Structures are given as structure tokens and as C-alpha cells.
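Colleague: So here's upload-v3.tsv (TSV, C-alpha atoms).
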chain	number	residue	atom	x	y	z
G	1	MET	CA	32.66	-58.70	-60.82
G	2	ALA	CA	31.95	-60.20	-64.22
G	3	THR	CA	29.71	-58.96	-66.93
G	4	GLU	CA	28.60	-60.50	-70.22
G	5	ASP	CA	28.66	-58.25	-73.24
G	6	VAL	CA	26.45	-58.46	-76.31
G	7	ASN	CA	28.76	-60.97	-77.97
G	8	GLY	CA	28.51	-63.37	-75.05
G	9	VAL	CA	32.07	-62.74	-73.88
G	10	THR	CA	32.54	-62.66	-70.11
G	11	LEU	CA	34.47	-59.59	-68.95
G	12	GLU	CA	35.54	-58.07	-65.66
G	13	LEU	CA	34.27	-54.50	-65.13
G	14	SER	CA	37.81	-53.44	-64.34
G	15	ALA	CA	38.94	-54.86	-67.68
G	16	LEU	CA	35.97	-53.26	-69.39
G	17	PHE	CA	36.70	-49.72	-68.18
G	18	SER	CA	40.40	-49.64	-67.39
G	19	SER	CA	43.38	-49.15	-69.66
G	20	GLY	CA	47.04	-49.76	-68.94
G	21	GLU	CA	47.76	-48.29	-65.52
G	22	ARG	CA	44.45	-46.35	-65.36
G	23	ASP	CA	42.08	-47.96	-62.88
G	24	PHE	CA	39.79	-44.97	-62.46
G	25	LEU	CA	36.99	-43.01	-64.12
G	26	VAL	CA	36.61	-39.24	-63.95
G	27	ARG	CA	34.00	-36.71	-62.84
G	28	ASN	CA	33.45	-33.39	-64.60
G	29	ASN	CA	35.35	-31.59	-61.83
G	30	GLY	CA	38.45	-33.68	-62.51
G	31	ASP	CA	38.05	-36.04	-59.54
G	32	GLN	CA	39.12	-39.62	-60.11
G	33	VAL	CA	36.87	-42.49	-58.97
G	34	LYS	CA	38.11	-46.05	-58.66
G	35	ILE	CA	36.45	-48.47	-61.06
G	36	SER	CA	36.15	-50.94	-58.20
G	37	SER	CA	33.60	-48.59	-56.56
G	38	LEU	CA	31.09	-49.70	-59.20
G	39	ASN	CA	31.05	-53.26	-57.87
G	40	GLY	CA	27.51	-54.26	-56.86
G	41	LYS	CA	25.90	-51.29	-58.57
G	42	ILE	CA	23.67	-51.01	-61.60
G	43	VAL	CA	25.81	-49.45	-64.32
G	44	GLY	CA	24.65	-47.61	-67.41
G	45	LEU	CA	27.07	-47.15	-70.29
G	46	TYR	CA	25.99	-43.96	-71.98
G	47	PHE	CA	27.27	-43.60	-75.52
G	48	SER	CA	26.64	-40.01	-76.55
G	49	GLY	CA	28.13	-36.90	-78.16
G	50	SER	CA	27.61	-33.15	-77.94
G	51	TRP	CA	27.10	-32.80	-81.73
G	52	CYS	CA	24.20	-35.27	-81.73
G	53	GLY	CA	20.75	-33.61	-81.55
G	54	PRO	CA	18.88	-36.64	-80.14
G	55	CYS	CA	21.65	-37.00	-77.54
G	56	ARG	CA	21.25	-33.38	-76.42
G	57	SER	CA	17.53	-34.02	-76.08
G	58	PHE	CA	17.93	-37.31	-74.18
G	59	THR	CA	20.73	-36.31	-71.77
G	60	PRO	CA	18.54	-34.01	-69.57
G	61	LYS	CA	16.01	-36.85	-69.19
G	62	LEU	CA	18.75	-39.21	-68.08
G	63	VAL	CA	20.11	-36.57	-65.69
G	64	GLU	CA	16.66	-36.18	-64.14
G	65	LEU	CA	16.32	-39.93	-63.67
G	66	TYR	CA	19.86	-40.23	-62.29
G	67	ASN	CA	19.26	-37.50	-59.73
G	68	GLU	CA	16.00	-39.11	-58.60
G	69	VAL	CA	17.67	-42.43	-57.77
G	70	ALA	CA	21.11	-41.09	-56.80
G	71	SER	CA	20.24	-41.12	-53.10
G	72	LYS	CA	19.96	-44.91	-53.24
G	73	GLU	CA	23.62	-45.10	-54.29
G	74	GLU	CA	22.79	-48.17	-56.38
G	75	LEU	CA	23.11	-46.64	-59.85
G	76	GLU	CA	26.08	-45.23	-61.72
G	77	VAL	CA	26.38	-44.04	-65.30
G	78	VAL	CA	29.56	-44.01	-67.35
G	79	PHE	CA	29.75	-41.57	-70.26
G	80	VAL	CA	31.48	-42.95	-73.35
G	81	SER	CA	32.05	-39.93	-75.55
G	82	SER	CA	31.71	-39.59	-79.31
G	83	ASP	CA	32.97	-36.01	-79.21
G	84	ARG	CA	35.67	-34.98	-81.63
G	85	ASP	CA	37.76	-32.70	-79.46
G	86	ASP	CA	38.59	-32.15	-75.82
G	87	GLU	CA	36.78	-28.81	-75.61
G	88	SER	CA	33.50	-30.29	-76.86
G	89	PHE	CA	33.85	-33.23	-74.47
G	90	ASN	CA	34.44	-31.00	-71.45
G	91	ALA	CA	31.54	-28.67	-72.27
G	92	TYR	CA	29.11	-31.57	-72.72
G	93	PHE	CA	30.42	-33.56	-69.76
G	94	SER	CA	29.94	-30.50	-67.54
G	95	GLU	CA	26.17	-31.09	-67.86
G	96	MET	CA	26.44	-34.63	-66.49
G	97	PRO	CA	26.50	-35.63	-62.80
G	98	TRP	CA	28.04	-39.06	-63.43
G	99	LEU	CA	31.36	-40.58	-64.43
G	100	ALA	CA	33.16	-40.86	-67.77
G	101	ILE	CA	35.92	-42.68	-69.56
G	102	PRO	CA	38.66	-40.03	-69.84
G	103	PHE	CA	38.60	-38.39	-73.26
G	104	SER	CA	42.36	-38.89	-73.30
G	105	ASP	CA	41.76	-42.65	-73.60
G	106	PRO	CA	40.41	-43.09	-77.16
G	107	ASP	CA	41.47	-46.76	-77.28
G	108	THR	CA	39.09	-47.73	-74.45
G	109	ILE	CA	36.32	-45.63	-75.96
G	110	LYS	CA	36.78	-47.36	-79.31
G	111	ARG	CA	36.91	-50.80	-77.67
G	112	LEU	CA	33.66	-50.18	-75.78
G	113	LYS	CA	31.88	-49.02	-78.93
G	114	GLU	CA	33.01	-52.17	-80.72
G	115	SER	CA	32.13	-54.45	-77.79
G	116	PHE	CA	28.56	-53.13	-77.64
G	117	SER	CA	28.13	-52.76	-81.42
G	118	VAL	CA	27.39	-49.06	-81.23
G	119	ARG	CA	26.07	-48.00	-84.64
G	120	GLY	CA	24.12	-44.97	-83.51
G	121	ILE	CA	23.78	-42.68	-80.51
G	122	PRO	CA	22.42	-42.07	-77.97
G	123	LYS	CA	22.74	-45.61	-76.75
G	124	LEU	CA	22.35	-46.66	-73.12
G	125	VAL	CA	23.43	-50.15	-72.09
G	126	ILE	CA	22.30	-51.27	-68.63
G	127	ILE	CA	24.36	-53.75	-66.63
G	128	ASP	CA	22.66	-55.05	-63.48
G	129	SER	CA	24.20	-55.34	-60.03
G	130	ASN	CA	25.18	-58.95	-60.73
G	131	GLY	CA	27.10	-57.96	-63.82
G	132	LYS	CA	24.63	-59.13	-66.46
G	133	VAL	CA	23.46	-56.98	-69.35
G	134	SER	CA	19.80	-56.17	-68.59
G	135	THR	CA	19.16	-54.30	-71.81
G	136	GLU	CA	21.01	-52.70	-74.69
G	137	ASN	CA	17.87	-50.63	-75.31
G	138	GLY	CA	18.19	-48.43	-72.25
G	139	THR	CA	17.49	-45.26	-74.20
G	140	ALA	CA	14.05	-46.48	-75.26
G	141	VAL	CA	13.35	-47.84	-71.78
G	142	VAL	CA	14.12	-44.48	-70.14
G	143	LEU	CA	12.10	-42.58	-72.71
G	144	GLU	CA	9.13	-44.90	-72.29
G	145	TYR	CA	9.05	-45.45	-68.54
G	146	GLY	CA	11.41	-42.94	-66.93
G	147	VAL	CA	12.28	-43.55	-63.31
G	148	ASP	CA	9.53	-46.18	-63.09
G	149	ALA	CA	11.82	-48.49	-65.07
G	150	TYR	CA	14.36	-48.62	-62.23
G	151	PRO	CA	16.18	-50.98	-61.63
G	152	PHE	CA	15.84	-51.69	-65.37
G	153	SER	CA	15.63	-55.47	-65.00
G	154	ARG	CA	13.86	-57.58	-67.59
G	155	GLU	CA	11.29	-58.47	-64.95
G	156	ARG	CA	10.63	-54.80	-64.20
G	157	ILE	CA	10.20	-53.92	-67.88
G	158	GLU	CA	7.83	-56.86	-68.43
G	159	PHE	CA	5.83	-55.79	-65.38
G	160	LEU	CA	5.53	-52.24	-66.71
G	161	LYS	CA	4.42	-53.51	-70.12
G	162	GLU	CA	1.75	-55.69	-68.54
G	163	GLN	CA	0.68	-52.79	-66.32
G	164	GLU	CA	0.39	-50.56	-69.40
G	165	GLU	CA	-1.76	-53.12	-71.22
G	166	GLU	CA	-3.99	-53.45	-68.18
G	167	ALA	CA	-4.26	-49.65	-67.96
G	168	LYS	CA	-5.46	-49.57	-71.58
G	169	ARG	CA	-8.07	-52.21	-70.83
G	170	ASN	CA	-9.27	-50.30	-67.76
G	171	GLN	CA	-8.65	-46.80	-69.12
G	172	THR	CA	-10.38	-43.86	-67.44
G	173	LEU	CA	-10.08	-40.12	-67.86
G	174	SER	CA	-8.08	-39.92	-64.64
G	175	SER	CA	-5.70	-42.70	-65.64
G	176	VAL	CA	-4.92	-40.75	-68.81
G	177	LEU	CA	-4.69	-37.17	-67.49
G	178	VAL	CA	-3.87	-37.38	-63.77
G	179	SER	CA	-0.35	-37.94	-62.42
G	180	SER	CA	0.92	-38.65	-58.93
G	181	SER	CA	1.75	-34.96	-58.46
G	182	ARG	CA	-1.09	-33.29	-60.42
G	183	ASN	CA	-4.88	-33.72	-60.64
G	184	TYR	CA	-5.71	-30.56	-62.56
G	185	LEU	CA	-5.51	-28.89	-65.98
G	186	LEU	CA	-4.91	-25.24	-66.87
G	187	SER	CA	-7.43	-22.84	-68.32
G	188	LYS	CA	-6.40	-20.05	-70.70
G	189	ASP	CA	-6.16	-17.61	-67.78
G	190	GLY	CA	-3.86	-19.96	-65.88
G	191	ASN	CA	-6.44	-21.19	-63.38
G	192	GLN	CA	-6.45	-24.82	-62.28
G	193	VAL	CA	-9.40	-26.97	-63.31
G	194	LEU	CA	-9.76	-30.38	-61.70
G	195	VAL	CA	-9.69	-33.30	-64.13
G	196	SER	CA	-12.67	-34.72	-62.23
G	197	GLU	CA	-14.80	-31.86	-63.60
G	198	LEU	CA	-14.50	-33.43	-67.05
G	199	GLU	CA	-15.87	-36.81	-65.96
G	200	GLY	CA	-18.83	-37.91	-68.07
G	201	LYS	CA	-17.87	-35.66	-71.00
G	202	THR	CA	-16.54	-36.47	-74.44
G	203	VAL	CA	-12.95	-35.22	-74.31
G	204	GLY	CA	-10.62	-34.47	-77.21
G	205	LEU	CA	-6.89	-34.67	-76.56
G	206	LEU	CA	-5.20	-32.32	-79.01
G	207	PHE	CA	-1.51	-33.10	-79.52
G	208	SER	CA	-0.10	-30.01	-81.18
G	209	VAL	CA	2.43	-27.20	-81.28
G	210	SER	CA	2.08	-23.50	-81.95
G	211	CYS	CA	3.58	-23.08	-85.40
G	212	SER	CA	2.47	-20.08	-87.44
G	213	HIS	CA	4.42	-21.15	-90.54
G	214	GLU	CA	2.63	-24.53	-90.77
G	215	PRO	CA	-0.64	-23.87	-92.65
G	216	TYR	CA	-2.24	-27.21	-91.73
G	217	ILE	CA	-1.74	-26.72	-87.99
G	218	GLU	CA	-3.36	-23.29	-88.18
G	219	PHE	CA	-6.18	-24.59	-90.42
G	220	PHE	CA	-7.02	-27.54	-88.21
G	221	THR	CA	-6.84	-25.53	-84.98
G	222	ASN	CA	-9.21	-22.90	-86.39
G	223	THR	CA	-11.58	-25.61	-87.60
G	224	LEU	CA	-11.57	-27.27	-84.19
G	225	VAL	CA	-12.17	-23.93	-82.44
G	226	GLU	CA	-15.28	-23.43	-84.56
G	227	VAL	CA	-16.54	-26.94	-83.80
G	228	TYR	CA	-15.74	-26.56	-80.10
G	229	ASN	CA	-17.53	-23.23	-79.72
G	230	THR	CA	-20.60	-24.45	-81.63
G	231	LEU	CA	-20.88	-27.59	-79.52
G	232	LYS	CA	-20.48	-25.58	-76.30
G	233	ASP	CA	-23.20	-23.15	-77.46
G	234	LYS	CA	-25.48	-26.14	-78.08
G	235	GLY	CA	-24.86	-27.34	-74.52
G	236	GLU	CA	-23.02	-30.51	-75.51
G	237	LYS	CA	-20.78	-32.14	-72.93
G	238	PHE	CA	-17.57	-31.71	-74.89
G	239	GLU	CA	-14.13	-30.54	-73.84
G	240	VAL	CA	-10.70	-30.34	-75.45
G	241	VAL	CA	-7.36	-30.64	-73.66
G	242	LEU	CA	-4.21	-29.35	-75.34
G	243	ILE	CA	-1.21	-31.66	-75.04
G	244	SER	CA	1.44	-29.16	-76.07
G	245	LEU	CA	4.63	-30.42	-77.66
G	246	ASN	CA	6.19	-26.94	-77.74
G	247	ASN	CA	9.86	-26.78	-76.86
G	248	GLU	CA	9.70	-23.21	-75.55
G	249	GLU	CA	7.57	-22.17	-72.57
G	250	ASP	CA	6.87	-18.73	-74.09
G	251	GLU	CA	5.33	-20.43	-77.12
G	252	PHE	CA	3.15	-22.54	-74.84
G	253	LYS	CA	1.97	-19.49	-72.87
G	254	LYS	CA	1.08	-17.58	-76.03
G	255	GLU	CA	-0.85	-20.57	-77.37
G	256	LEU	CA	-2.69	-21.03	-74.07
G	257	GLU	CA	-3.92	-17.42	-74.27
G	258	THR	CA	-5.45	-17.94	-77.72
G	259	ILE	CA	-7.31	-21.24	-77.29
G	260	PRO	CA	-10.77	-21.63	-75.71
G	261	TRP	CA	-10.04	-24.99	-74.10
G	262	LEU	CA	-7.89	-26.48	-71.34
G	263	ALA	CA	-4.29	-27.70	-71.38
G	264	LEU	CA	-1.82	-29.89	-69.56
G	265	PRO	CA	0.93	-27.81	-67.91
G	266	TYR	CA	4.03	-27.09	-69.99
G	267	LYS	CA	6.45	-30.02	-70.15
G	268	ASP	CA	4.26	-32.08	-67.82
G	269	LYS	CA	5.86	-35.45	-67.10
G	270	ILE	CA	3.02	-37.46	-68.60
G	271	ILE	CA	3.15	-35.77	-72.03
G	272	GLU	CA	5.82	-38.05	-73.48
G	273	LYS	CA	4.06	-41.02	-71.91
G	274	LEU	CA	0.81	-40.03	-73.65
G	275	VAL	CA	2.57	-39.72	-77.02
G	276	ARG	CA	3.77	-43.31	-76.65
G	277	TYR	CA	0.52	-44.52	-75.07
G	278	PHE	CA	-1.57	-43.42	-78.03
G	279	GLU	CA	1.09	-44.70	-80.44
G	280	PHE	CA	1.25	-41.89	-82.95
G	281	ASP	CA	4.19	-40.28	-84.71
G	282	VAL	CA	4.95	-36.75	-83.48
G	283	SER	CA	5.49	-35.81	-87.12
G	284	ASP	CA	1.73	-36.29	-87.57
G	285	ILE	CA	0.75	-33.35	-85.36
G	286	PRO	CA	-1.73	-32.01	-84.84
G	287	THR	CA	-3.57	-35.19	-83.85
G	288	LEU	CA	-6.96	-35.24	-82.10
G	289	VAL	CA	-7.69	-38.29	-79.91
G	290	ILE	CA	-11.26	-38.66	-78.65
G	291	LEU	CA	-12.16	-40.17	-75.28
G	292	GLY	CA	-15.78	-41.11	-74.63
G	293	PRO	CA	-17.78	-40.19	-71.50
G	294	ASP	CA	-16.45	-43.36	-69.82
G	295	GLY	CA	-12.83	-42.33	-70.49
G	296	LYS	CA	-12.23	-45.03	-73.10
G	297	THR	CA	-10.65	-44.14	-76.45
G	298	VAL	CA	-13.33	-43.99	-79.15
G	299	ASN	CA	-11.19	-42.47	-81.91
G	300	SER	CA	-7.39	-42.31	-82.02
G	301	ASP	CA	-7.29	-39.85	-84.95
G	302	ALA	CA	-10.36	-37.68	-85.44
G	303	ASN	CA	-8.74	-35.03	-87.63
G	304	GLU	CA	-10.37	-36.11	-90.88
G	305	LEU	CA	-13.78	-36.35	-89.23
G	306	VAL	CA	-13.53	-32.80	-87.91
G	307	GLU	CA	-12.28	-31.45	-91.23
G	308	GLU	CA	-14.92	-33.14	-93.38
G	309	HIS	CA	-17.99	-33.08	-91.14
G	310	GLY	CA	-17.47	-30.42	-88.47
G	311	ILE	CA	-20.05	-30.60	-85.68
G	312	ASP	CA	-21.94	-33.33	-87.55
G	313	ALA	CA	-19.12	-35.71	-86.61
G	314	TYR	CA	-19.86	-35.36	-82.89
G	315	PRO	CA	-19.39	-37.47	-80.76
G	316	PHE	CA	-16.76	-38.90	-83.14
G	317	THR	CA	-17.58	-42.55	-82.38
G	318	GLN	CA	-17.44	-45.47	-84.79
G	319	GLU	CA	-21.25	-45.52	-84.73
G	320	ARG	CA	-21.33	-41.90	-85.80
G	321	ILE	CA	-18.81	-42.60	-88.56
G	322	ALA	CA	-21.05	-45.42	-89.84
G	323	ALA	CA	-24.10	-43.12	-89.73
G	324	LEU	CA	-22.25	-40.42	-91.68
G	325	ALA	CA	-21.25	-43.02	-94.27
G	326	GLU	CA	-24.90	-44.04	-94.68
G	327	ILE	CA	-25.94	-40.40	-95.07
G	328	GLU	CA	-23.26	-39.85	-97.71
G	329	LYS	CA	-24.33	-43.02	-99.51
G	330	ALA	CA	-27.98	-41.90	-99.56
G	331	GLU	CA	-27.00	-38.43	-100.80
G	332	LEU	CA	-24.86	-39.94	-103.55
G	333	GLU	CA	-27.68	-42.22	-104.66
G	334	SER	CA	-30.08	-39.28	-104.61
G	335	ARG	CA	-27.74	-37.16	-106.73
G	336	THR	CA	-27.25	-40.02	-109.19
G	337	LEU	CA	-31.02	-40.46	-109.52
G	338	ASP	CA	-31.51	-36.72	-110.05
G	339	ASP	CA	-28.79	-36.68	-112.68
G	340	ASN	CA	-30.44	-39.55	-114.51
G	341	PHE	CA	-33.76	-37.70	-114.63
G	342	VAL	CA	-32.09	-34.47	-115.80
G	343	ASN	CA	-30.18	-36.30	-118.52
G	344	GLY	CA	-33.27	-38.23	-119.60
G	345	THR	CA	-31.69	-41.53	-118.70
G	346	ASN	CA	-34.08	-42.66	-116.02
G	347	VAL	CA	-33.35	-46.27	-115.29
G	348	PRO	CA	-36.54	-48.30	-114.63
G	349	ARG	CA	-36.87	-50.10	-111.34
G	350	TYR	CA	-37.62	-53.36	-113.16
G	351	ARG	CA	-36.22	-54.61	-116.39
G	352	TYR	CA	-38.46	-56.73	-118.64
G	353	LEU	CA	-37.02	-59.06	-121.18
Starting from the file, give its structure as C-alpha cells.
Modeller:
Amino acid sequence: MATEDVNGVTLELSALFSSGERDFLVRNNGDQVKISSLNGKIVGLYFSGSWCGPCRSFTPKLVELYNEVASKEELEVVFVSSDRDDESFNAYFSEMPWLAIPFSDPDTIKRLKESFSVRGIPKLVIIDSNGKVSTENGTAVVLEYGVDAYPFSRERIEFLKEQEEEAKRNQTLSSVLVSSSRNYLLSKDGNQVLVSELEGKTVGLLFSVSCSHEPYIEFFTNTLVEVYNTLKDKGEKFEVVLISLNNEEDEFKKELETIPWLALPYKDKIIEKLVRYFEFDVSDIPTLVILGPDGKTVNSDANELVEEHGIDAYPFTQERIAALAEIEKAELESRTLDDNFVNGTNVPRYRYL
């Protein structure tokens, strides 16, 4: 079975993975698996290392995807290690359910890194069942689409991109917040609240973490709590949903107990999808995205509005922003006129020459 690498050179999989008399790959229990058993399968070359933070974060996501499609017996992953010693390799490989190039074969590992121009990790290269490289960007594909990307063909990725664009055009509250396995949100007491109960309301999606040593996060959360409570007291149809980016479940639970609004469950599968969907940098948290009563996005970053105008910014639409600008303009003109009178520099409406 032939495969074409990134440099356009045609290689046999056996030549790609074997070395000398070794015609096998290994499992983390020491079992040897013939390279020929990969023929006809989709193969992912996973360049990774235990010392690499992003790798440690990505590996569990790849494990989850691998386990979901493992029953089809059409996918295999081959770990190409960047670890620096045998002990580190074994400890990291023990977390993986797939195959690996033996750590005792540094020449093959080096050759693979050079063949696929590995400059950074994690890197996941996908080779399709016909032996063609589908994508060198497998890491991004898995992060963006998860198991939906399977079998990782160019056609599948294009389909998913088109589907995503169509979803944005036809966006509803349910398409944003409901998944195939969940149609509810959590209240602060842990009760389930159906997403459908929020239909027809203005909904703020708050992407945030609980972080007591970050003054801005605490400031903005407190400001939003005040706005939220005031709007609720006035009977406005407004709701907030926390999209928690906390890494620890205990932190999420503590935060849930202190907020007056709803939340997606901890580590819900759609959270990472929503981060990408709304195209913001996680370093910019907290970020408040506003959905209108029809479920469409009316403001992708309402933080400044909330900070500067409080409840006067409601319902956070572009029309409201324009109205606030007109009010500010009128107030500025009024203050300027008053200042002119006070300073005895009243400018006449008409100037005669």
C-alpha cells in the first residue's frame, strides 16, 4: 500500500514504519502488531511528547475519538514520540490505546519527523485508506469537529465547513445550546432547565472561568450580576448561560453555586465547539455573547456595553448601541453649550459679516 508524504514522495507504509528487521509496531502492553495489519485502514501519525502541555491536553481528546470509532476497525493511530527517555515514553504511552514506533528506534522516529516536516507538536497527520495524505492538520480538525470529522477526508471536512456556515445562517437558540445527548441547562441548585424555556428571550452566553486572582473577571461578573438582577426585577425577558472554561470540576461547582443564572454542564462536548463557533480567543475571557429572541447573534462581545452602560445597554443590539451613541452626543453638546454660557463665550447661532 503506497502513501504520498508532504514532499510528494511515494512511500510504502511498511517502508514508512519499519526499520531493518523490524516489521512491527508496539502496544503499551508490549504486544507487537504487524505493520501489514494497517493496510486498508485510515492511519493517523501522532507526533507528541509527554513534556508538551498542549499535547497532554490534546491526547485525551484523541483517545476519546479513537475509542468512539474503534469498533469500526477502520482507524489506527501510530504514536511517534518526542520524549527524551524511555521512562517518560512508557508513562505517556500507557495512556494511549493505539500503536507506537518503538522508542528504541530513534532513527525511524527522526526520519518520520523529517518526512512530515514536524516543527511543532502535537501534530496529527491523517493518511486515508487508499494511502493518500488527507490532511497534515489533523490536530486542528479533531479539535474543531471531533468524531464528526471521521473519516477525515477532504470531502468530509468541506461538508462540515459548509454545514457550519449554514448553521450560522440559520442559527437558533437550540442549534447553539442543544446537543444530540442533552436538551437542558443547569440551574445553581443543579436542577435541569430545558433550553426550550429560554425561547423568545434575549440570552447572554458568558464564556468565563472562576478565577479569584483575576480582578477583571471578578469585576465584570459582579457588574453582570447587578445588570441581570435589575433586568429580572423589571420583568425583562433576559437570561444568561455560563459557558464555563474551568479545568477543575470543583471550581465549576463552586462557581455554579454563586451565580444567579444557568450554565452548560461541566466539560460539555459543545463547549469547545462554541468557542470556535463564536471565533474568540480564550485569552479574552470573560466574553459575553448576546443572542436575540430569535436565537441569532446580535452582539459577539457585549462586555464594554455592560461595563459602560449597565441596564441601559439592554437589549445590547446594534440599534441600541446607535441610540446610546446619539444620547452621548446630545449630552456632550449640551455640556459644551453649558460650558460656553458659564465661561461667557456663548457662540451665536448665526454669524454676520
Colleague: Give me, as an mmCIF file with C-alpha atoms, in the frame of the given file, all polymer residues having an atom no more than 12 Å from G:Arg111, counting all atoms listed in the file and skipping those fewer than 3 positions away in the same chain.
Modeller:
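For reference, out_0.cif as written:
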data_model
loop_
_atom_site.group_PDB
_atom_site.id
_atom_site.type_symbol
_atom_site.label_atom_id
_atom_site.label_comp_id
_atom_site.auth_asym_id
_atom_site.auth_seq_id
_atom_site.Cartn_x
_atom_site.Cartn_y
_atom_site.Cartn_z
ATOM 1 C CA ASP G 5 28.660 -58.250 -73.240
ATOM 2 C CA ALA G 15 38.940 -54.860 -67.680
ATOM 3 C CA LEU G 16 35.970 -53.260 -69.390
ATOM 4 C CA PHE G 17 36.700 -49.720 -68.180
ATOM 5 C CA SER G 18 40.400 -49.640 -67.390
ATOM 6 C CA SER G 19 43.380 -49.150 -69.660
ATOM 7 C CA VAL G 80 31.480 -42.950 -73.350
ATOM 8 C CA ILE G 101 35.920 -42.680 -69.560
ATOM 9 C CA ASP G 105 41.760 -42.650 -73.600
ATOM 10 C CA PRO G 106 40.410 -43.090 -77.160
ATOM 11 C CA ASP G 107 41.470 -46.760 -77.280
ATOM 12 C CA THR G 108 39.090 -47.730 -74.450
ATOM 13 C CA GLU G 114 33.010 -52.170 -80.720
ATOM 14 C CA SER G 115 32.130 -54.450 -77.790
ATOM 15 C CA PHE G 116 28.560 -53.130 -77.640
ATOM 16 C CA SER G 117 28.130 -52.760 -81.420
ATOM 17 C CA VAL G 118 27.390 -49.060 -81.230
#
Colleague: Is it possible to get the residues within 8 Å of (-5.7, -20.1, -70.8) (coordinates as in the file, counting all atoms listed in the file) written as a list in words?
Modeller: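 Checking each residue against the 8 Å limit leaves Leu186, Ser187, Lys188, Asp189, Gly190, Asn191, Lys253, Leu256, Glu257, Thr258, Ile259, Pro260, Trp261, Leu262 and Ala263 of chain G.
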Colleague: Quick one, how far is atom CA of G:Ile217 from atom CA of G:Pro286?
Modeller: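 Separation of atom CA of G:Ile217 and atom CA of G:Pro286: 6.2 Å.
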Colleague: Quick one: contact table of stretch 164-249 of chain G to stretch 297-309 of chain G, 10 Å max, nearest atom pair and distance in Å to one decimal per residue, counting all atoms listed in the file, chain and number order, as JSON lines?
Modeller:
{"residue": "G:Lys168", "atom": "CA", "partner": "G:Thr297", "partner_atom": "CA", "distance": 9.0}
{"residue": "G:Gln171", "atom": "CA", "partner": "G:Thr297", "partner_atom": "CA", "distance": 8.1}
{"residue": "G:Thr172", "atom": "CA", "partner": "G:Thr297", "partner_atom": "CA", "distance": 9.0}
{"residue": "G:Leu173", "atom": "CA", "partner": "G:Thr297", "partner_atom": "CA", "distance": 9.5}
{"residue": "G:Thr202", "atom": "CA", "partner": "G:Val298", "partner_atom": "CA", "distance": 9.4}
{"residue": "G:Val203", "atom": "CA", "partner": "G:Thr297", "partner_atom": "CA", "distance": 9.5}
{"residue": "G:Gly204", "atom": "CA", "partner": "G:Ala302", "partner_atom": "CA", "distance": 8.8}
{"residue": "G:Leu205", "atom": "CA", "partner": "G:Ser300", "partner_atom": "CA", "distance": 9.4}
{"residue": "G:Leu206", "atom": "CA", "partner": "G:Asn303", "partner_atom": "CA", "distance": 9.7}
{"residue": "G:Phe219", "atom": "CA", "partner": "G:Glu307", "partner_atom": "CA", "distance": 9.2}
{"residue": "G:Phe220", "atom": "CA", "partner": "G:Glu307", "partner_atom": "CA", "distance": 7.2}
{"residue": "G:Thr223", "atom": "CA", "partner": "G:Glu307", "partner_atom": "CA", "distance": 6.9}
{"residue": "G:Leu224", "atom": "CA", "partner": "G:Val306", "partner_atom": "CA", "distance": 6.9}
{"residue": "G:Val227", "atom": "CA", "partner": "G:Val306", "partner_atom": "CA", "distance": 7.8}
Colleague: Give me, as number ranges by chain, all polymer residues having an atom no more than 8 Å from G:Phe103, counting all atoms listed in the file and skipping those fewer than 5 positions away in the same chain.
Modeller: G: 81, 86, 89
Colleague: Could you check how far atom CA of G:Phe159 sits from atom CA of G:Ala140, in Å to one decimal?
Modeller: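 Atom CA of G:Phe159 sits 15.9 Å away from atom CA of G:Ala140.
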Colleague: May I ask for the distance between atom CA of G:Val26 and atom CA of G:Pro102, given in Å to one decimal place?
Modeller: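 These atoms are spaced 6.3 Å apart.
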